[in-house]
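To keep things clear, I will list the structure first and then write my remarks on it.
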Amino acid sequence: MAKMILMLHSHIPYVKHQGRWPFGEVWLFEAMAETYIPLLDMLNRLVQDGIQPGIAVSLSPTLLDQLESPYIHQAFEKYLTDCECLAAADKRHYAAMGEESLSRMAAYYERVYAGIKMKFMIVYNQDLIAAFNRLQESSSIEIVATAATHAYLPLVDERSVQAQVHLGKMSYEKHFGRQACSFWLPECGYKDGLEQALLECGFRNFFVDSHAVEGGRPQGDSSPSNSEMTADIEFFAETGLSTYRPYYVKGRDLVVLGRNAMISQQVWSADSGYPGDADYREFHLRSPRSGLKYWRVTERKHAGQKQYYDPAKASRRAVEHAAHFVESVGNTIFHARKIGVEQPLIVGCYDTELFGHWWWEGILWLETVLRLINSRSGLKLQLPSRVEAPRQEANLFESSWGMGGKHFIWQNEETVWMWELAAEASNAFWEIWMKKNGGGKEKRIVDQALKELLLLESSDWFFMVSNNLTRDYAMHRFFEHYARLHRLLAEEEAGNISSEFEDWMKSLEHRDDFLSGLDYDTVRRAIQNRGAAC
């Protein structure tokens, strides 16, 4: 029987207390309202209908700590109330203007936000983490661990890799009360040696992009003019392996799962993926009155020619696309068997926020896919922890799922200065932190400094600068954590803690209060032991 892993990776950078609109906490609130709560609703619907969803979902530690926060719960409730009121005001405005189609759409949004608020407050009791955990406890889903602040691991130093992985493991255990089996490498970013930190933490498998296993040109990349990117692509020599099987990493007791390029590309390609269909809701165009979205994709390149959105028509299209996807999976299985893989494993990996947030109809599409797979003989959804032991080993290429297949989208001429500062800050921190074994204020300062380093290393800032997406915000956050880290280290070294610094420290602990309650000394000992072994 053919099997399929559907892996959804969930991550929002740490935006709590870091501004609201247009950048900051609203990113989290939109994802909660448009993706996480609808996803939970959908998964629970399937379970109630006797269907085990069987998907894997990672939840980054920064996301988990924000979802757990009473401050976020209160702010999110207000956000939903505000959205409901904006929709109601739009409904009255457009009705008065004789714009009946827009008035109906505004009423639709009013119902959506009222329903989301009811689900959040009553059905889930403001605790989305517990809702995900209940699904895992019933074996309906598998929750996958990931790095502490979603750092791009191939480009941070070895000690930061260990800290990111160890704290990711500890955060998972804190929130879910069990040890994770599977690990999501942020951005599928892999380089030789990352396996050691995964093995130390007891992980048994992880995910990479297709070309890390198969070689060849990364799926969907045209010939880029940038020489650095071209060199990355040309690096991937053909291996003769396929992603239709799991493999042990060469010389390691660790299983690697390769993302199937065709299945993944079909869903999220900017050019040929489903979300770009003309009938789906346009993501970028908002009403200047309320910020709500009333248009469909229509013609992607001409914003002024957008037509109004029709939810019923878009829903029908999502069902059609789901059937097409399952048919494509069947064709992929046929191809796998044609080349001699009788029981292929098909791995599809996606950002969770694609469904609902970026692609409004994506949750309906996903539910239909899961129902169709459940009714299909010869295909079964597989949880990563239940993959059978491989029979072969693979040498993996240094790689990612980013443009060019390697590191370009995070490290390039726009961000090289950021990596230089990050390396300098990391060296300064580890030189001090590794010597500290005391308690009290000294421990408090260096532990907060570790949080600032981890936040500095978040892949989000480098990605935003590279893509010129909210570039100013990303640079502000990067410099902010850099400055905080150096002030903490300077004050700790000076040993003269003033009342002014104490007040600043309390304010900082309030703003950057994630990864709390974890045993940082365990991380220090692990890094010290690795250094001694080397």
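Ordered as shown in the structure tokens, chains take letters A, B, and onward, while each chain numbers its residues from 1 and ligands are numbered from 1 in the order shown.
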Between segment 187-283 of chain A and segment 153-165 of chain A, at 6 Å or less, what are the per-residue closest atom pairs and their distances in Å? Count only C-alpha atoms, order by chain and rising residue number, and return it as a tab-separated table.
residue	atom	partner	partner_atom	distance
A:Tyr190	CA	A:Pro154	CA	5.8
A:Lys191	CA	A:Pro154	CA	5.5
A:Ala197	CA	A:Gln162	CA	5.6
Selection from above, N, CA, C and O atoms, as a PDB file, in the first residue's frame, can you write it?
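The file below, selection-v2.pdb, is the result:
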ATOM      1  N   TYR A 190      19.387  22.410   5.759  1.00  0.00           N
ATOM      2  CA  TYR A 190      20.227  21.288   6.193  1.00  0.00           C
ATOM      3  C   TYR A 190      21.685  21.518   5.810  1.00  0.00           C
ATOM      4  O   TYR A 190      21.988  22.016   4.722  1.00  0.00           O
ATOM      5  N   LYS A 191      22.573  21.143   6.728  1.00  0.00           N
ATOM      6  CA  LYS A 191      23.989  20.973   6.395  1.00  0.00           C
ATOM      7  C   LYS A 191      24.519  19.802   7.205  1.00  0.00           C
ATOM      8  O   LYS A 191      23.960  19.437   8.259  1.00  0.00           O
ATOM      9  N   ALA A 197      23.093  17.182  16.853  1.00  0.00           N
ATOM     10  CA  ALA A 197      22.212  17.825  17.834  1.00  0.00           C
ATOM     11  C   ALA A 197      20.863  17.122  17.892  1.00  0.00           C
ATOM     12  O   ALA A 197      20.275  16.966  18.974  1.00  0.00           O
TER      13      ALA A 197
END
Extract, using only C-alpha atoms, all DNA, RNA and protein residues at most 9 Å from Leu396 of chain A, discarding same-chain residues fewer than 4 positions from it, and format them as a PDB file with C-alpha atoms, in the first residue's frame.
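Full text of around.pdb as output:
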ATOM      1  CA  TYR A 190      20.227  21.288   6.193  1.00  0.00           C
ATOM      2  CA  LYS A 191      23.989  20.973   6.395  1.00  0.00           C
ATOM      3  CA  ASP A 192      26.187  18.062   7.421  1.00  0.00           C
ATOM      4  CA  VAL A 208      14.554  17.888   3.926  1.00  0.00           C
ATOM      5  CA  HIS A 211      17.017  17.811  -4.020  1.00  0.00           C
ATOM      6  CA  ALA A 212      18.810  17.140  -0.711  1.00  0.00           C
ATOM      7  CA  VAL A 213      18.130  13.454  -1.423  1.00  0.00           C
ATOM      8  CA  GLU A 214      17.717  13.227  -5.190  1.00  0.00           C
ATOM      9  CA  GLY A 215      20.014  15.971  -6.416  1.00  0.00           C
ATOM     10  CA  VAL A 249      21.381   9.420   6.996  1.00  0.00           C
ATOM     11  CA  LYS A 250      24.737   7.955   5.990  1.00  0.00           C
TER      12      LYS A 250
END
Pick from A:Ala394, A:Ala151, A:Gly340, A:Pro288 nearest to Arg252 of chain A, counting only C-alpha atoms: A:Ala394
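Atom CA of Gly54 of chain A sits 28.0 Å away from atom CA of Arg281 of chain A.
Residues in contact with Arg316 of chain A at up to 12 Å, not including ones fewer than 3 positions away on its chain and judged by only C-alpha atoms, are A:Asp279, A:Tyr280, A:Asp310, A:Pro311, A:Ala312, A:Lys313, A:Val319, A:Glu320, A:His321, A:Ala322, A:Ala323, A:Glu361, A:Leu364, A:Trp365, A:Thr368.
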